[in-house]
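Have a look at run-v6.cif; it's mmCIF, C-alpha atoms:
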data_data
#
loop_
_atom_site.label_atom_id
_atom_site.label_comp_id
_atom_site.auth_asym_id
_atom_site.auth_seq_id
_atom_site.Cartn_x
_atom_site.Cartn_y
_atom_site.Cartn_z
CA MET A 229 5.41 -16.91 63.99
CA HIS A 230 3.06 -19.16 61.97
CA LEU A 231 3.80 -19.46 58.22
CA ASP A 232 0.36 -18.11 57.25
CA VAL A 233 1.02 -14.93 59.21
CA TRP A 234 4.38 -14.51 57.45
CA ILE A 235 2.71 -14.93 54.08
CA ARG A 236 0.00 -12.39 54.98
CA TRP A 237 2.60 -9.75 55.98
CA TYR A 238 4.71 -10.59 52.95
CA MET A 239 1.67 -9.82 50.80
CA VAL A 240 0.89 -6.63 52.73
CA VAL A 241 4.41 -5.39 51.94
CA PHE A 242 4.06 -6.53 48.33
CA PHE A 243 0.70 -4.77 47.81
CA THR A 244 1.98 -1.60 49.47
CA ALA A 245 5.23 -1.47 47.47
CA PHE A 246 3.37 -2.14 44.23
CA GLY A 247 0.74 0.47 45.03
CA VAL A 248 3.24 3.17 45.97
CA TRP A 249 5.30 2.46 42.84
CA PHE A 250 2.33 2.78 40.49
CA VAL A 251 0.79 5.80 42.21
CA THR A 252 4.10 7.70 42.17
CA ARG A 253 5.86 6.75 38.93
CA GLY A 254 4.98 3.34 37.46
CA GLU A 255 3.34 3.03 34.05
CA LEU A 256 1.29 0.21 32.61
CA CYS A 257 1.73 1.33 29.02
CA ALA A 258 4.82 3.48 28.58
CA GLN A 259 5.12 6.22 25.98
CA ALA A 260 7.10 5.69 22.79
CA GLY A 261 10.03 7.78 24.04
CA ALA A 262 10.59 5.40 26.95
CA TRP A 263 11.59 2.61 24.55
CA ILE A 264 13.33 4.59 21.83
CA GLY A 265 16.00 6.60 23.53
CA GLY A 266 18.68 9.04 22.63
CA ARG A 267 21.47 6.80 21.38
CA CYS A 268 21.32 8.68 18.06
CA ASP A 269 22.13 12.04 19.63
CA GLY A 270 24.65 13.92 17.54
CA THR A 271 23.93 11.93 14.38
CA PRO A 272 21.91 13.00 11.30
CA TRP A 273 19.07 10.75 12.45
CA ALA A 274 18.64 12.26 15.91
CA ASP A 275 16.27 15.06 14.91
CA ARG A 276 14.20 12.86 12.59
CA LEU A 277 13.85 10.17 15.23
CA ALA A 278 12.99 12.67 17.97
CA ALA A 279 10.36 14.32 15.76
CA VAL A 280 8.77 10.97 14.86
CA VAL A 281 8.71 9.83 18.50
CA ARG A 282 7.16 13.18 19.52
CA ARG A 283 4.42 12.86 16.88
CA ARG A 284 3.78 9.27 17.92
CA GLU A 285 3.42 10.27 21.56
CA GLN A 286 0.96 13.02 20.60
CA LEU A 287 -1.12 10.57 18.58
CA GLU A 288 -1.11 7.86 21.25
CA ASN A 289 -1.80 10.39 24.02
CA LEU A 290 -0.54 8.17 26.85
CA ARG A 291 0.45 11.09 29.06
CA THR A 292 -2.51 10.60 31.37
CA ARG A 293 -1.60 8.12 34.10
CA THR A 294 -5.19 7.24 35.01
CA THR A 295 -4.72 3.49 34.59
CA ALA A 296 -1.56 3.53 36.76
CA TYR A 297 -3.43 5.47 39.47
CA ILE A 298 -6.35 3.02 39.36
CA PHE A 299 -4.05 0.02 39.57
CA GLY A 300 -1.83 1.56 42.28
CA GLY A 301 -4.88 2.63 44.29
CA CYS A 302 -6.35 -0.88 44.11
CA SER A 303 -3.05 -2.35 45.27
CA LEU A 304 -2.94 -0.02 48.31
CA LEU A 305 -6.56 -0.88 49.14
CA LEU A 306 -5.70 -4.58 48.98
CA ALA A 307 -2.74 -3.96 51.33
CA VAL A 308 -5.17 -2.48 53.87
CA LEU A 309 -7.59 -5.39 53.42
CA ALA A 310 -4.76 -7.92 53.82
CA ALA A 311 -3.56 -6.21 57.02
CA LEU A 312 -6.91 -5.61 58.68
CA THR A 313 -9.28 -8.35 57.52
CA PRO A 314 -9.12 -12.15 57.57
CA LEU A 315 -9.75 -12.34 53.76
CA ALA A 316 -7.54 -14.99 52.12
CA VAL A 317 -4.41 -13.42 50.60
CA THR A 318 -4.76 -15.67 47.57
CA ILE A 319 -8.12 -14.03 46.81
CA LEU A 320 -6.70 -10.54 47.33
CA TYR A 321 -3.76 -11.33 45.08
CA ALA A 322 -6.08 -12.77 42.42
CA LEU A 323 -8.12 -9.56 42.54
CA LEU A 324 -4.95 -7.54 41.97
CA CYS A 325 -4.12 -9.74 38.95
CA ALA A 326 -7.63 -9.23 37.58
CA VAL A 327 -7.37 -5.45 37.97
CA LEU A 328 -3.92 -5.52 36.33
CA ALA A 329 -5.21 -7.51 33.36
CA LEU A 330 -8.24 -5.27 32.92
CA THR A 331 -6.26 -2.01 33.12
CA VAL A 332 -3.62 -3.34 30.71
CA ALA A 333 -6.29 -4.54 28.27
CA THR A 334 -8.11 -1.21 28.47
CA GLY A 335 -4.90 0.76 27.90
CA TYR A 336 -3.88 -1.21 24.84
CA GLU A 337 -7.41 -1.22 23.43
CA ARG A 338 -7.24 2.58 23.52
CA LEU A 339 -3.95 2.43 21.56
CA ARG A 340 -5.56 0.22 18.92
CA ARG A 341 -8.25 2.82 18.35
CA VAL A 342 -5.93 5.76 17.61
CA GLY A 343 -7.50 7.43 14.59
CA GLY A 344 -6.39 9.87 11.95
CA PRO A 345 -5.24 9.53 8.36
CA ARG A 346 -2.15 7.46 7.74
CA VAL A 347 -0.26 5.53 5.12
CA ALA A 348 0.08 1.77 5.02
CA SER A 349 2.91 -0.45 3.93
CA LEU A 350 2.08 -3.15 1.39
CA ARG A 351 4.43 -5.55 3.17
CA ALA A 352 2.54 -8.49 4.67
CA ARG A 353 3.23 -8.55 8.41
CA ASN A 354 3.51 -11.75 10.40
CA PRO A 355 2.82 -11.46 14.15
CA ASN A 356 5.12 -14.46 14.71
CA ALA A 357 8.03 -12.45 13.31
CA VAL A 358 7.83 -10.20 16.39
CA VAL A 359 7.97 -13.02 18.92
CA PRO A 360 8.11 -16.71 17.90
CA TRP A 361 4.87 -18.67 18.35
CA TYR A 362 6.40 -20.97 20.98
CA VAL A 363 6.94 -18.04 23.37
CA TYR A 364 3.19 -17.38 23.23
CA ALA A 365 2.58 -21.11 23.79
CA LEU A 366 4.96 -21.15 26.77
CA THR A 367 3.27 -18.06 28.18
CA ALA A 368 -0.15 -19.67 27.79
CA VAL A 369 1.05 -22.83 29.57
CA THR A 370 2.41 -20.67 32.40
CA ALA A 371 -0.81 -18.67 32.54
CA VAL A 372 -2.90 -21.82 33.05
CA SER A 373 -0.49 -23.34 35.60
CA PRO A 374 -2.37 -21.83 38.61
CA LEU A 375 -5.15 -24.31 37.78
CA THR A 376 -2.97 -26.96 39.49
CA PHE A 377 -3.89 -25.13 42.72
CA LEU A 378 -7.63 -25.62 42.17
CA ALA A 379 -7.87 -27.92 45.19
CA VAL A 380 -6.43 -25.39 47.64
CA ALA A 381 -7.56 -22.01 46.23
CA PRO A 382 -10.16 -22.57 43.50
CA VAL A 383 -11.48 -19.02 43.01
CA ALA A 384 -8.02 -17.42 43.16
CA ALA A 385 -6.55 -20.03 40.79
CA VAL A 386 -9.24 -19.37 38.19
CA LEU A 387 -8.92 -15.57 38.51
CA VAL A 388 -5.11 -15.61 38.18
CA THR A 389 -5.39 -17.94 35.17
CA VAL A 390 -7.94 -15.74 33.42
CA ALA A 391 -5.81 -12.65 34.12
CA GLY A 392 -2.67 -14.29 32.70
CA LEU A 393 -4.48 -15.53 29.59
CA LEU A 394 -6.06 -12.11 29.03
CA MET A 395 -2.65 -10.41 29.16
CA ALA A 396 -1.13 -13.03 26.83
CA SER A 397 -3.95 -12.40 24.35
CA VAL A 398 -3.40 -8.63 24.63
CA ALA A 399 0.30 -9.27 23.83
CA ARG A 400 -0.71 -11.22 20.74
CA GLY A 401 -3.08 -8.39 19.82
CA VAL A 402 -0.28 -5.84 20.11
CA ALA A 403 1.97 -7.97 17.86
CA ALA A 404 -0.78 -8.00 15.24
CA SER A 405 -2.02 -4.43 15.83
CA PRO A 406 -2.33 -1.92 12.99
CA ALA A 407 0.75 0.12 12.11
CA LEU A 408 0.64 3.80 13.02
CA ILE A 409 2.43 5.64 10.21
CA PRO A 410 1.13 9.20 9.80
CA GLY A 411 3.14 9.60 6.57
CA VAL A 412 5.34 12.60 7.43
CA ASP A 413 8.67 10.69 7.58
CA VAL A 414 7.53 7.26 6.47
CA ALA A 415 10.82 5.32 6.77
CA VAL A 416 11.60 6.42 10.33
CA GLU A 417 7.93 6.13 11.34
CA GLN A 418 7.89 2.53 10.15
CA TYR A 419 11.12 1.80 12.03
CA VAL A 420 9.68 3.27 15.25
CA ASP A 421 6.43 1.35 14.74
CA ASP A 422 8.25 -1.97 14.30
CA ARG A 423 10.38 -1.42 17.41
CA LEU A 424 7.49 -0.31 19.60
CA ARG A 425 5.43 -3.31 18.51
CA ALA A 426 8.26 -5.69 19.49
CA VAL A 427 9.10 -4.04 22.82
CA ARG A 428 5.48 -3.76 23.91
CA THR A 429 4.75 -7.36 22.94
CA VAL A 430 7.64 -8.85 24.94
CA ASN A 431 6.86 -6.56 27.88
CA LEU A 432 3.28 -7.77 27.94
CA LEU A 433 4.35 -11.41 27.68
CA GLY A 434 6.65 -10.89 30.67
CA THR A 435 3.81 -9.26 32.59
CA ALA A 436 1.48 -12.13 31.65
CA THR A 437 3.82 -14.73 33.19
CA ALA A 438 4.45 -12.83 36.45
CA PRO A 439 1.03 -13.44 38.15
CA ALA A 440 1.33 -17.23 37.86
CA LEU A 441 4.95 -17.22 39.03
CA LEU A 442 4.21 -15.20 42.15
CA PHE A 443 1.03 -17.15 42.83
CA ALA A 444 3.07 -20.37 42.87
CA THR A 445 5.60 -18.92 45.32
CA PHE A 446 3.17 -18.11 48.15
CA THR A 447 0.27 -20.55 47.69
CA ARG A 448 0.74 -23.54 49.96
CA PHE A 449 0.39 -26.85 48.23
CA THR A 450 0.32 -30.41 49.48
CA ASP A 451 2.07 -32.09 46.53
CA SER A 452 5.56 -30.64 46.67
CA ALA A 453 6.78 -32.39 43.47
CA LEU A 454 3.96 -30.91 41.38
CA HIS A 455 4.42 -27.57 43.13
CA LEU A 456 8.11 -27.53 42.22
CA THR A 457 7.34 -28.47 38.60
CA VAL A 458 4.79 -25.66 38.28
CA GLU A 459 7.20 -23.17 39.81
CA GLY A 460 9.96 -24.39 37.50
CA ILE A 461 7.83 -23.91 34.38
CA CYS A 462 6.69 -20.45 35.53
CA LEU A 463 10.22 -19.37 36.36
CA ALA A 464 11.64 -20.68 33.06
CA THR A 465 8.99 -18.85 31.01
CA PHE A 466 9.42 -15.69 33.02
CA LEU A 467 13.18 -15.82 32.40
CA VAL A 468 12.67 -16.36 28.66
CA CYS A 469 10.38 -13.32 28.52
CA LEU A 470 12.74 -11.30 30.69
CA THR A 471 15.68 -12.16 28.39
CA LEU A 472 13.69 -11.11 25.30
CA GLN A 473 12.54 -7.98 27.09
CA THR A 474 16.06 -7.03 28.15
CA ALA A 475 17.46 -7.74 24.70
CA TRP A 476 14.89 -5.46 23.06
CA ILE A 477 15.08 -2.68 25.61
CA ARG A 478 18.88 -2.63 25.65
CA ARG A 479 18.94 -2.56 21.86
CA ARG A 480 18.20 1.11 21.63
CA PRO A 481 18.46 2.40 18.08
CA GLY A 482 22.01 3.29 17.21
CA ALA A 483 22.68 5.54 14.23
CA LEU A 484 24.25 2.66 12.30
CA GLU A 485 21.24 0.47 12.90
CA ILE A 486 18.81 3.09 11.58
CA GLU A 487 21.04 3.95 8.64
CA GLY A 488 21.33 0.28 7.69
CA TRP A 489 17.60 -0.17 8.01
CA LEU A 490 16.80 2.87 5.88
CA GLN A 491 19.24 1.86 3.19
CA SER A 492 18.05 -1.72 3.00
CA GLY A 493 14.45 -0.50 3.02
CA ALA A 494 13.60 -3.46 5.20
CA MET B 85 13.49 -3.42 -2.39
CA ARG B 86 11.97 -0.59 -0.35
CA ASP B 87 8.47 -1.02 1.04
CA ALA B 88 5.63 0.30 -1.10
CA PHE B 89 3.03 2.43 0.63
CA VAL B 90 -0.58 3.41 -0.04
CA ALA B 91 -2.72 6.14 1.51
CA VAL B 92 -6.35 7.18 1.50
CA ASP B 93 -7.16 10.87 1.15
CA PRO B 94 -10.68 11.65 2.42
CA GLY B 95 -10.55 15.00 0.60
CA LEU B 96 -10.53 13.38 -2.85
CA ASP B 97 -13.69 12.75 -4.85
CA ALA B 98 -12.72 9.18 -5.63
CA PRO B 99 -14.03 6.73 -3.03
CA PRO B 100 -11.39 5.10 -0.77
CA TYR B 101 -11.61 1.70 -2.50
CA VAL B 102 -10.87 3.32 -5.87
CA GLN B 103 -7.90 5.18 -4.38
CA ILE B 104 -6.49 1.92 -2.99
CA PHE B 105 -7.17 0.13 -6.29
CA GLU B 106 -5.45 2.83 -8.36
CA GLN B 107 -2.39 3.08 -6.11
CA ILE B 108 -1.78 -0.68 -6.02
CA ARG B 109 -2.34 -0.92 -9.77
CA ALA B 110 0.13 1.90 -10.37
CA LEU B 111 2.71 0.27 -8.06
CA ILE B 112 2.42 -3.02 -9.96
CA GLN B 113 2.54 -1.28 -13.32
CA GLY B 114 5.55 0.78 -12.23
CA GLY B 115 7.41 -2.33 -11.11
CA GLU B 116 7.51 -1.33 -7.45
CA LEU B 117 5.46 -4.39 -6.59
CA ALA B 118 7.09 -7.31 -8.34
CA ALA B 119 5.23 -10.37 -9.59
CA GLY B 120 4.69 -12.84 -6.78
CA THR B 121 4.94 -10.21 -4.02
CA ALA B 122 2.68 -11.07 -1.09
CA LEU B 123 0.20 -8.35 -0.21
CA PRO B 124 -1.06 -7.73 3.34
CA THR B 125 -4.31 -9.31 4.43
CA VAL B 126 -7.50 -7.28 4.07
CA ARG B 127 -7.62 -6.91 7.86
CA GLN B 128 -4.02 -5.69 8.14
CA LEU B 129 -4.32 -3.12 5.36
CA ALA B 130 -7.71 -1.89 6.60
CA GLY B 131 -6.34 -1.50 10.12
CA ASP B 132 -3.19 0.29 8.95
CA LEU B 133 -5.21 2.68 6.77
CA ASN B 134 -7.91 3.12 9.41
CA VAL B 135 -10.66 2.23 6.93
CA ALA B 136 -13.40 -0.43 7.01
CA PRO B 137 -12.29 -3.94 5.94
CA ASN B 138 -15.00 -3.90 3.24
CA THR B 139 -13.21 -0.98 1.55
CA VAL B 140 -9.97 -2.94 1.16
CA ALA B 141 -11.86 -6.13 0.31
CA ARG B 142 -13.60 -4.32 -2.58
CA ALA B 143 -10.31 -2.87 -3.86
CA TYR B 144 -8.71 -6.33 -3.73
CA ALA B 145 -11.73 -7.89 -5.45
CA ASP B 146 -11.52 -5.33 -8.28
CA LEU B 147 -7.76 -5.84 -8.61
CA GLN B 148 -8.34 -9.56 -8.77
CA THR B 149 -11.08 -9.20 -11.40
CA ALA B 150 -8.76 -6.99 -13.47
CA GLY B 151 -6.00 -9.61 -13.19
CA TRP B 152 -3.47 -7.61 -11.18
CA ILE B 153 -3.51 -9.80 -8.11
CA ALA B 154 -4.53 -13.35 -7.31
CA SER B 155 -5.77 -14.90 -4.13
CA ASP B 156 -4.16 -18.20 -3.35
CA GLY B 157 -6.14 -19.55 -0.41
CA ARG B 158 -3.92 -20.05 2.61
CA ARG B 159 -0.88 -18.47 0.95
CA GLY B 160 -2.69 -15.13 0.83
CA THR B 161 -2.93 -12.55 -1.93
CA ARG B 162 -0.08 -12.03 -4.38
CA VAL B 163 0.76 -9.93 -7.42
CA THR B 164 0.06 -12.08 -10.47
CA PRO B 165 3.09 -13.38 -12.39
CA ARG B 166 1.80 -11.79 -15.61
CA PRO B 167 0.02 -8.52 -14.83
CA PRO B 168 -2.57 -7.57 -17.45
CA THR B 169 -0.58 -4.71 -19.00
CA ALA B 170 -0.01 -6.67 -22.19
CA ASP B 171 -3.60 -7.82 -22.53
CA LYS B 172 -5.24 -5.32 -24.95
CA ARG B 173 -8.78 -6.18 -23.95
CA VAL B 174 -8.08 -5.72 -20.22
CA ARG B 175 -6.09 -2.54 -20.88
CA LYS B 176 -8.97 -1.10 -22.86
CA LYS B 177 -11.49 -1.98 -20.16
CA ALA B 178 -9.26 -0.47 -17.45
CA LEU B 179 -8.94 2.73 -19.49
CA ARG B 180 -12.69 2.86 -20.12
CA ASP B 181 -13.40 2.37 -16.40
CA ALA B 182 -10.87 5.03 -15.40
CA VAL B 183 -12.18 7.59 -17.91
CA GLY B 184 -15.78 6.77 -16.96
CA GLY B 185 -15.01 7.33 -13.27
CA PHE B 186 -13.19 10.58 -14.08
CA VAL B 187 -16.08 11.92 -16.17
CA ASN B 188 -18.67 10.86 -13.58
CA ALA B 189 -16.75 12.65 -10.84
CA LEU B 190 -16.68 15.86 -12.91
CA VAL B 191 -20.39 15.57 -13.78
CA HIS B 192 -21.13 15.24 -10.06
CA ARG B 193 -19.20 18.46 -9.54
CA GLY B 194 -21.54 20.27 -11.95
CA TYR B 195 -19.67 20.22 -15.27
CA SER B 196 -21.58 19.33 -18.43
CA GLU B 197 -20.33 16.56 -20.73
CA ALA B 198 -19.73 19.15 -23.46
CA GLU B 199 -17.55 21.24 -21.15
CA ILE B 200 -15.55 18.17 -20.16
CA ALA B 201 -15.10 17.08 -23.78
CA ASP B 202 -13.96 20.60 -24.79
CA GLU B 203 -11.44 20.67 -21.96
CA VAL B 204 -10.10 17.18 -22.80
CA ARG B 205 -9.70 18.23 -26.48
CA ARG B 206 -7.83 21.35 -25.32
CA VAL B 207 -5.47 19.31 -23.09
CA ILE B 208 -4.98 16.55 -25.72
CA PRO B 209 -5.12 18.18 -29.16
CA ALA B 210 -6.06 15.74 -31.90
#
Serialized structure, structure tokens:
Amino acid sequence: MHLDVWIRWYMVVFFTAFGVWFVTRGELCAQAGAWIGGRCDGTPWADRLAAVVRRREQLENLRTRTTAYIFGGCSLLLAVLAALTPLAVTILYALLCAVLALTVATGYERLRRVGGPRVASLRARNPNAVVPWYVYALTAVTAVSPLTFLAVAPVAAVLVTVAGLLMASVARGVAASPALIPGVDVAVEQYVDDRLRAVRTVNLLGTATAPALLFATFTRFTDSALHLTVEGICLATFLVCLTLQTAWIRRRPGALEIEGWLQSGA
Amino acid sequence: MRDAFVAVDPGLDAPPYVQIFEQIRALIQGGELAAGTALPTVRQLAGDLNVAPNTVARAYADLQTAGWIASDGRRGTRVTPRPPTADKRVRKKALRDAVGGFVNALVHRGYSEAEIADEVRRVIPA
């Protein structure tokens, strides 16, 4: 079978799997409880933490999965288009990236606009304390790497680049977003806010690098040396983000960690 | 040192910028915000409190005029090394402003100046 046909069916499977995942259970912007789990169960902090996470989830109101349905539905539609029409798969993939970026940006913009009275810490926050500046720089370089494919897939390359840059800028926005501290249990609320900010930022950075990485794997290119370099950069950045992501997600709040944090008043 | 917090209560008569001003002043006076402590940017504090940036900017400007904080260009806004507690002139002006604001708020609520003065004399006997 010709390589182009393989790539087309590979993308049909990819679009379908992605679509099914997001329509059934995937989330583009997970609730607070998904990142702050129950490692404190049985400790004095468990109830306080659970109450704070519950209040946070009520305020953020992310229970509706509209964005996941929109994104999953688009992915399934693209699977049908890839299977039944001669449209270039690079264009279809770029459209998926654009929809992903737009739904992610819309979801996080909604989070930024959560209202209600709250208290504010007088500690100056530095967005670079969440994720070092060079990770953003690496992500931006990865996001623009599809431009090296301008000669073979100009429209798709531009769309994937714009999508990656948009998601990287949303990640930066989340790192610098306002704190959400309703003022009922200020210390624990601030702890939860700090953790959510970090986890969501690294998640978004990982998501921002994925479109360029995948684009490089299936777009055929004439200059194999440049192609390999681009893929190498994308893969390295993706792995950096994945490592940060894993480190943050695995570091669920243990009782000792919260206790230490509360006592130091950090 | 534990973080210091401020809040804005929309139910109070005092406008939000005065509430922010008074809370930060009290935190500095009480030693909870030490000299040299960096304060958040106007944008950060306004976002965290869910108020307009102009509200925080006005509170910061008033704090700066009164000598409690100083803006240092790129280094941001910090608590001044020598807050104006010891300066008699500044103390007197701060007191006059606070009492003036308090009396104005009561007048707006329908009390006469004589009623206010009587009540103050009752609370603080000569």
Counting all atoms listed in the file, which residues of chain B fall within 12 Å of chain A, and what is the closest atom pair for each with its distance in Å at one decimal, ordered by chain and rising number, as JSON lines?
{"residue": "B:Met85", "atom": "CA", "partner": "A:Gly493", "partner_atom": "CA", "distance": 6.2}
{"residue": "B:Arg86", "atom": "CA", "partner": "A:Gly493", "partner_atom": "CA", "distance": 4.2}
{"residue": "B:Asp87", "atom": "CA", "partner": "A:Ser349", "partner_atom": "CA", "distance": 6.3}
{"residue": "B:Ala88", "atom": "CA", "partner": "A:Leu350", "partner_atom": "CA", "distance": 5.5}
{"residue": "B:Phe89", "atom": "CA", "partner": "A:Ser349", "partner_atom": "CA", "distance": 4.4}
{"residue": "B:Val90", "atom": "CA", "partner": "A:Ala348", "partner_atom": "CA", "distance": 5.4}
{"residue": "B:Ala91", "atom": "CA", "partner": "A:Val347", "partner_atom": "CA", "distance": 4.4}
{"residue": "B:Val92", "atom": "CA", "partner": "A:Val347", "partner_atom": "CA", "distance": 7.3}
{"residue": "B:Asp93", "atom": "CA", "partner": "A:Pro345", "partner_atom": "CA", "distance": 7.6}
{"residue": "B:Pro94", "atom": "CA", "partner": "A:Pro345", "partner_atom": "CA", "distance": 8.3}
{"residue": "B:Gly95", "atom": "CA", "partner": "A:Pro345", "partner_atom": "CA", "distance": 10.9}
{"residue": "B:Pro100", "atom": "CA", "partner": "A:Pro345", "partner_atom": "CA", "distance": 11.9}
{"residue": "B:Ile104", "atom": "CA", "partner": "A:Ala348", "partner_atom": "CA", "distance": 10.4}
{"residue": "B:Gln107", "atom": "CA", "partner": "A:Leu350", "partner_atom": "CA", "distance": 10.7}
{"residue": "B:Ile108", "atom": "CA", "partner": "A:Leu350", "partner_atom": "CA", "distance": 8.7}
{"residue": "B:Leu111", "atom": "CA", "partner": "A:Leu350", "partner_atom": "CA", "distance": 10.1}
{"residue": "B:Ile112", "atom": "CA", "partner": "A:Leu350", "partner_atom": "CA", "distance": 11.4}
{"residue": "B:Glu116", "atom": "CA", "partner": "A:Leu350", "partner_atom": "CA", "distance": 10.5}
{"residue": "B:Leu117", "atom": "CA", "partner": "A:Leu350", "partner_atom": "CA", "distance": 8.8}
{"residue": "B:Ala118", "atom": "CA", "partner": "A:Leu350", "partner_atom": "CA", "distance": 11.7}
{"residue": "B:Thr121", "atom": "CA", "partner": "A:Arg351", "partner_atom": "CA", "distance": 8.6}
{"residue": "B:Ala122", "atom": "CA", "partner": "A:Ala352", "partner_atom": "CA", "distance": 6.3}
{"residue": "B:Leu123", "atom": "CA", "partner": "A:Ala352", "partner_atom": "CA", "distance": 5.4}
{"residue": "B:Pro124", "atom": "CA", "partner": "A:Ala352", "partner_atom": "CA", "distance": 3.9}
{"residue": "B:Thr125", "atom": "CA", "partner": "A:Ala352", "partner_atom": "CA", "distance": 6.9}
{"residue": "B:Val126", "atom": "CA", "partner": "A:Ala352", "partner_atom": "CA", "distance": 10.1}
{"residue": "B:Arg127", "atom": "CA", "partner": "A:Pro406", "partner_atom": "CA", "distance": 8.9}
{"residue": "B:Gln128", "atom": "CA", "partner": "A:Pro406", "partner_atom": "CA", "distance": 6.4}
{"residue": "B:Leu129", "atom": "CA", "partner": "A:Ala348", "partner_atom": "CA", "distance": 6.6}
{"residue": "B:Ala130", "atom": "CA", "partner": "A:Pro406", "partner_atom": "CA", "distance": 8.4}
{"residue": "B:Gly131", "atom": "CA", "partner": "A:Pro406", "partner_atom": "CA", "distance": 4.9}
{"residue": "B:Asp132", "atom": "CA", "partner": "A:Pro406", "partner_atom": "CA", "distance": 4.7}
{"residue": "B:Leu133", "atom": "CA", "partner": "A:Ala348", "partner_atom": "CA", "distance": 5.6}
{"residue": "B:Asn134", "atom": "CA", "partner": "A:Gly343", "partner_atom": "CA", "distance": 6.8}
{"residue": "B:Val135", "atom": "CA", "partner": "A:Pro345", "partner_atom": "CA", "distance": 9.2}
{"residue": "B:Val140", "atom": "CA", "partner": "A:Ala348", "partner_atom": "CA", "distance": 11.8}
{"residue": "B:Arg159", "atom": "CA", "partner": "A:Ala352", "partner_atom": "CA", "distance": 11.2}
{"residue": "B:Gly160", "atom": "CA", "partner": "A:Ala352", "partner_atom": "CA", "distance": 9.3}
{"residue": "B:Thr161", "atom": "CA", "partner": "A:Ala352", "partner_atom": "CA", "distance": 9.5}
{"residue": "B:Arg162", "atom": "CA", "partner": "A:Ala352", "partner_atom": "CA", "distance": 10.1}
{"residue": "B:Val163", "atom": "CA", "partner": "A:Leu350", "partner_atom": "CA", "distance": 11.2}
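The neighbours of Thr164 in chain B here are the residues that come within 7 Å of it, using only C-alpha atoms and leaving out any residue fewer than 5 positions away in the same chain; they are Ala119, Gly120, Trp152, Ile153 and Ala154 of chain B.
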Write out the residues from the selection above, keeping C-alpha atoms, as a PDB file, in the coordinates of the input.
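Written out: out-v9.pdb:
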ATOM      1  CA  ALA B 119       5.230 -10.370  -9.590  1.00  0.00           C
ATOM      2  CA  GLY B 120       4.690 -12.840  -6.780  1.00  0.00           C
ATOM      3  CA  TRP B 152      -3.470  -7.610 -11.180  1.00  0.00           C
ATOM      4  CA  ILE B 153      -3.510  -9.800  -8.110  1.00  0.00           C
ATOM      5  CA  ALA B 154      -4.530 -13.350  -7.310  1.00  0.00           C
TER       6      ALA B 154
END
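Point (-1.0, 9.5, 42.6) has the following residues at most 12 Å away: Gly247, Val248, Trp249, Phe250, Val251, Thr252, Arg253, Gly254, Glu255, Thr292, Arg293, Thr294, Thr295, Ala296, Tyr297, Ile298, Phe299, Gly300, Gly301, Cys302 and Leu304 of chain A (atoms considered: all atoms listed in the file).
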| said: Selection in question (the file shown): the PyMOL selection byres ((chain A and resi 465) around 8). Which residues does it include, as JSON, numbers by chain? | reply: {"A": [363, 366, 367, 370, 437, 461, 462, 463, 464, 466, 467, 468, 469]}
Serialized selection, C-alpha atoms, as a tab-separated table (two decimals), in the coordinates of the input:
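For reference, selection-v6.tsv as written:
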chain	number	residue	atom	x	y	z
A	363	VAL	CA	6.94	-18.04	23.37
A	366	LEU	CA	4.96	-21.15	26.77
A	367	THR	CA	3.27	-18.06	28.18
A	370	THR	CA	2.41	-20.67	32.40
A	437	THR	CA	3.82	-14.73	33.19
A	461	ILE	CA	7.83	-23.91	34.38
A	462	CYS	CA	6.69	-20.45	35.53
A	463	LEU	CA	10.22	-19.37	36.36
A	464	ALA	CA	11.64	-20.68	33.06
A	466	PHE	CA	9.42	-15.69	33.02
A	467	LEU	CA	13.18	-15.82	32.40
A	468	VAL	CA	12.67	-16.36	28.66
A	469	CYS	CA	10.38	-13.32	28.52
| What's the 9 Å shell around range 380-385 of chain A, counting only C-alpha atoms, without same-chain residues fewer than 2 positions away, as number ranges by chain? | A: 318-323, 372-378, 387-390, 440, 443, 447-450
Export range 315-335 of chain A, C-alpha atoms, as a PDB file, in the first residue's frame; it's the structure right above.
ATOM      1  CA  LEU A 315      -8.912  16.532   1.569  1.00  0.00           C
ATOM      2  CA  ALA A 316      -5.255  16.658   2.660  1.00  0.00           C
ATOM      3  CA  VAL A 317      -4.793  15.087   6.104  1.00  0.00           C
ATOM      4  CA  THR A 318      -2.392  17.860   7.051  1.00  0.00           C
ATOM      5  CA  ILE A 319      -5.224  20.382   6.610  1.00  0.00           C
ATOM      6  CA  LEU A 320      -7.651  18.220   8.601  1.00  0.00           C
ATOM      7  CA  TYR A 321      -5.101  17.812  11.379  1.00  0.00           C
ATOM      8  CA  ALA A 322      -4.417  21.558  11.403  1.00  0.00           C
ATOM      9  CA  LEU A 323      -8.146  22.196  11.743  1.00  0.00           C
ATOM     10  CA  LEU A 324      -8.254  19.857  14.748  1.00  0.00           C
ATOM     11  CA  CYS A 325      -5.344  21.778  16.319  1.00  0.00           C
ATOM     12  CA  ALA A 326      -7.147  25.069  15.711  1.00  0.00           C
ATOM     13  CA  VAL A 327     -10.343  23.757  17.327  1.00  0.00           C
ATOM     14  CA  LEU A 328      -8.302  22.406  20.263  1.00  0.00           C
ATOM     15  CA  ALA A 329      -6.585  25.758  20.791  1.00  0.00           C
ATOM     16  CA  LEU A 330      -9.840  27.691  20.574  1.00  0.00           C
ATOM     17  CA  THR A 331     -11.736  25.407  22.976  1.00  0.00           C
ATOM     18  CA  VAL A 332      -8.841  25.430  25.456  1.00  0.00           C
ATOM     19  CA  ALA A 333      -8.555  29.228  25.261  1.00  0.00           C
ATOM     20  CA  THR A 334     -12.310  29.632  25.718  1.00  0.00           C
ATOM     21  CA  GLY A 335     -12.354  27.268  28.713  1.00  0.00           C
TER      22      GLY A 335
END
